[in-house]
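Report on the following structure.
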Amino acid sequence: MKKITACALICAMSLGLAGCGSKGTSGKDGAIGGNVEVTGNNKTTVNLPMTTDPDILDPSRADDGQKNQIVLEVQETLIRMQDGKITPAGAETWDVSDDGLIWTFNLRDNQYSDGTAIKAQDYVNCMLRTFDPEVGSHNAGTFYCIEGAEAYNTGTASKEEVGIKALDERTLEIRLNEPLPYFLLMANCANLTPIPESKTTGESNLTYGSNAENMVYSGPFVIDSWTRGSQIVLKKNPNYWDAANVRLDTVNFLLAQEENTRQQMLEQGNIDILTGINAEYYQKVKSKIDAGEISLIENANPGSSYIAFNNQDPNGIFTNAKIRKAFSLAIDREVFVDNVLKKDKPGYGLVPYSINNGETKYREEVTDPLLECKEDPKTLFEEGLKEIGKSGEPITVTFLQSNANNDTKVKAEFFQNQWQSILGVTVKIDTAADNATFNNQVSKGLYQICNTGWGADYNDPMTFMQCYLTGDGNNPALFSNSRYDELINACKSEPDMKIRQEKIAEAEKILIAEEAGIAPLTYSFKRNLVDKSLKGYSFNGSGGPEIELKTAYFE
């Protein structure tokens with residue numbers, strides 16, 4: 001039954017397939033406006049914008065979409081998603097025991113970019129670093145399904161007790177605490193890529209991935225240069241096992257944090273792909289799309305954004321569920337989407353569209369929990385203040401925004417206006433130095449309210465629901481509810497998809513409607529623009545890099 005269920009999940013995977021384009025020019029270092037222009041079938045360089053400036057590219061600490069996009073093109077996961085199907089990658093074949101607890105991956109003959117052989121122990125090293133308390137990976141909780149992982153991560157057991165072993169140089173064994181029908185879908189996460197132990201000994205354990213010079217690469221590309229605050233240049237990896245099918249020579253990631261800047265870069269031919277364009281820009285370029293001058297690819301991207309409240313707020317405000325719910329209900333999501341973002345769709349739950357529970361789309365089967373909440377936010381807020389002993393007092397709260405970009409500022413001011421006008425509070429806006437600082441502050445609970453989100457690591461509701469288990473490293477709200485934990489932990493190995501859906505729906509209702517640990521905002525629906533000559537790539541529905549470039553080429 002476990003194997004059949006896993007196969008059903010695999011077959012149900014859906015990706016937005018891509019098609020097309022590019023006119024960009026680049027010099028040897030990938031800088032915009034270089035002197036060499038290549039056209040037609042000879043063009044082998046693709047240019048993409050970076051929306052954030054990565055602080056580290058360590059696979060064990062790849063904790064956002066931008067980092068994953070780069071890491072998963074320069075490192076080889078055990079499997080890769082290709083046209084919605086699981087395909088062999090670092091592993092040629094795999095087996096699972098009858099009880100679903102032991103997964104054995106038979107690795108292919110592959111080399112790092114420096115020519116040394118990739119060994120099973122290198123995959124073990126990456127996973128053990130993910131659980132190493134010293135490394136502090138936010139993704140550790142995602143893999144607590146592995147035997148002994150939680151105990152090692154929380155300091156109550158040694159790494160030798162973790163159920164991930166190299167049986168020999170080409171055989172990797174992973175032992176689970178319980179059978180997971182979707183575990184194979186998790187095998188394309190950055191945490192399941194190889195890192196040689198020689199690269200992470202001593203002080204290097206904490207600095208690995210902070211520069212290109214100390215890293216080795218197992219994927220289709222290597223990092224050729226990394227200029228902070230500017231660009232990251234990838235080059236084809238000649239030692240990659242499937243190098244014959246990698247047709248791009250260069251991938252330039254160019255830092256452009258403002259949406260207007262990215263649009264200008266596309267118009268000037270300096271980037272080949274622009275994801276998530278808003279409604280206004282769509283109308284501006286629609287004539288070019290209709291004329292076939294540029295390709296439009298639309299997909300329901302498996303991501304959701306939300307407001308996180310610090311459920312352990314030292315000031316005692318957001319420790320109250322009624323206050324959290326009042327702040328959630330005070331947000332007009334339709335206005336936010338239509339007038340501020342001008343893209344995506346309003347979200348009233350956590351799990352977005354395009355995510356499967358077994359063979360069905362979860363969101364098509366389960367009503368968004370916040371849609372059923374009809375309470376008046378002002379009344380809820382006053383009741384909450386009374387419960388915490390602050391009735392009638394002036395209330396000031398702080399909203400932490402992730403950076404000083406104009407797009408971020410506009411969103412923060414929208415929330416500020418909503419809460420001040422409807423709830424009568426004072427909202428101060430604080431700005432983190434950069435995205436990495438923001439993530440660190442949030443993970444440590446050094447905030448009251450913030451705007452964040454999550455994108456799927458694999459195609460199952462658990463990739464979202466797992467985050468809000470008590471103590472999970474990706475739990476930005478520091479949310480904790482025993483019934484929620486009970487339901488989600490039970491769902492990990494539940495073979496009956498109908499029962500599983502009911503439990504996930506109950507847990508989502510607790511998180512969103514009853515306890516209001518977070519306030520959902522949007523589900524990601526993306527319009528992507530691509531130069532018409534780019535072929536062979538795909539927009540991933542869930543898991544892997546958002547844009548898979550391994551087989552991309554210009555026609």
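Scheme for the structure tokens: letters A, B, ... for chains in order shown; per-chain residue numbers from 1; ligand numbers from 1 in order shown.
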| task | Give me the residues within 8 Å of A:Thr52 as number ranges by chain, counting only C-alpha atoms and dropping any in the same chain fewer than 6 places off. | result | A: 66, 255-257, 435
| request: Name the residues of stretch 49-259 of chain A that fall into strand (DSSP E) according to DSSP on the backbone, using the chain letters and numbers of this document, as JSON, numbers by chain. | output: {"A": [49, 50, 79, 80, 81, 82, 85, 86, 87, 88, 91, 92, 93, 94, 95, 96, 102, 103, 104, 105, 106, 107, 164, 165, 166, 167, 168, 171, 172, 173, 174, 175, 221, 222, 223, 224, 225, 226, 227, 231, 232, 233, 234, 235, 236, 250, 251, 252, 253, 254, 255]}
| task | Pull the alpha helix (DSSP H) assignments for stretch 276-329 of chain A out of DSSP run on the backbone, and list those residues as a ChimeraX atom specification. | result | /A:279-290,321-329
| Quick one: of A:Asn489, A:Ser354, A:Gln283, A:Asn191, who's nearest to A:Asn540, counting only C-alpha atoms? | A:Ser354
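Interatomic distance, atom CA of A:Pro346 against atom CA of A:Arg262: 24.0 Å.
You can rank A:Val135, A:Ile56, A:Cys145, A:Ala300 by their closest distance to A:Tyr182 using only C-alpha atoms, and at the top of that list sits A:Cys145.
Coordinates place atom CA of A:Val222 at a distance of 10.6 Å from atom CA of A:Leu72.
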At a cut-off of 12 Å, can you tabulate as JSON lines every residue of stretch 184-293 of chain A near stretch 321-345 of chain A together with its closest atom pair and the distance in Å to one decimal, using only C-alpha atoms and ordering rows by chain then number?
{"residue": "A:Glu259", "atom": "CA", "partner": "A:Leu341", "partner_atom": "CA", "distance": 10.8}
{"residue": "A:Thr275", "atom": "CA", "partner": "A:Lys343", "partner_atom": "CA", "distance": 11.1}
{"residue": "A:Gly276", "atom": "CA", "partner": "A:Lys343", "partner_atom": "CA", "distance": 7.4}
{"residue": "A:Ile277", "atom": "CA", "partner": "A:Lys343", "partner_atom": "CA", "distance": 7.0}
{"residue": "A:Asn278", "atom": "CA", "partner": "A:Lys343", "partner_atom": "CA", "distance": 4.6}
{"residue": "A:Ala279", "atom": "CA", "partner": "A:Lys342", "partner_atom": "CA", "distance": 5.2}
{"residue": "A:Glu280", "atom": "CA", "partner": "A:Lys342", "partner_atom": "CA", "distance": 7.1}
{"residue": "A:Tyr281", "atom": "CA", "partner": "A:Lys342", "partner_atom": "CA", "distance": 9.2}
{"residue": "A:Tyr282", "atom": "CA", "partner": "A:Lys343", "partner_atom": "CA", "distance": 9.7}
{"residue": "A:Gln283", "atom": "CA", "partner": "A:Lys342", "partner_atom": "CA", "distance": 11.4}
| task | Find the residues near stretch 457-463 of chain A: any atom within 10 Å, counting only C-alpha atoms, skip ones fewer than 4 places away on the same chain, and give them as a PyMOL selection string. | result | chain A and resi 9-10+12-14+65+68+81+142+181-190+302-303+350-352+354-358+361-363+467+488-489+491-492+501+504-505+541-545
List every residue of stretch 57-172 of chain A that has an atom at most 7 Å from any atom of stretch 233-252 of chain A, giving for each one its closest atom pair and the distance in Å to one decimal, counting only C-alpha atoms, sorted by chain and then by ascending residue number, as a Markdown table.
| residue | atom | partner | partner_atom | distance |
| --- | --- | --- | --- | --- |
| A:Asn110 | CA | A:Trp241 | CA | 5.3 |
| A:Gln111 | CA | A:Asn239 | CA | 6.0 |
| A:Tyr112 | CA | A:Asn239 | CA | 6.6 |
| A:Ser113 | CA | A:Asn239 | CA | 5.5 |
| A:Gly115 | CA | A:Asn239 | CA | 6.5 |
Just-selected residues, N, CA and C atoms written as a PDB file, in the first residue's frame:
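Wrote it out as again_33.pdb, contents follow:
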ATOM      1  N   ASN A 110      29.316   9.715 -10.360  1.00  0.00           N
ATOM      2  CA  ASN A 110      29.326  11.157 -10.601  1.00  0.00           C
ATOM      3  C   ASN A 110      30.545  11.772  -9.945  1.00  0.00           C
ATOM      4  N   GLN A 111      30.974  12.902 -10.451  1.00  0.00           N
ATOM      5  CA  GLN A 111      32.144  13.589  -9.921  1.00  0.00           C
ATOM      6  C   GLN A 111      31.792  15.018  -9.534  1.00  0.00           C
ATOM      7  N   TYR A 112      32.577  15.554  -8.596  1.00  0.00           N
ATOM      8  CA  TYR A 112      32.482  16.978  -8.304  1.00  0.00           C
ATOM      9  C   TYR A 112      33.167  17.769  -9.416  1.00  0.00           C
ATOM     10  N   SER A 113      32.989  19.057  -9.372  1.00  0.00           N
ATOM     11  CA  SER A 113      33.587  19.935 -10.376  1.00  0.00           C
ATOM     12  C   SER A 113      35.114  19.873 -10.369  1.00  0.00           C
ATOM     13  N   GLY A 115      36.776  17.118 -10.054  1.00  0.00           N
ATOM     14  CA  GLY A 115      37.168  15.815 -10.571  1.00  0.00           C
ATOM     15  C   GLY A 115      37.174  14.682  -9.563  1.00  0.00           C
TER      16      GLY A 115
END
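Distances here use only C-alpha atoms; by that measure, the residue among A:Gly424, A:Thr51, A:Gln441, A:Val74 closest to A:Phe221 is A:Val74.
Excluding A:Glu258 itself and same-chain residues fewer than 5 positions from it, the residues having an atom within 12 Å of it are Pro49, Met50, Thr51, Thr52, Gln263, Gln264, Met265, Asn403, Ala404, Asn405, Asn406, Asp407, Thr408, Lys409 and Val410 of chain A, counting only C-alpha atoms.
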| task | Counting only C-alpha atoms, figure out which residue out of A:Ile232, A:Ala140, A:Val162, A:Ile395 gets nearest to A:Gly471. | result | A:Ala140
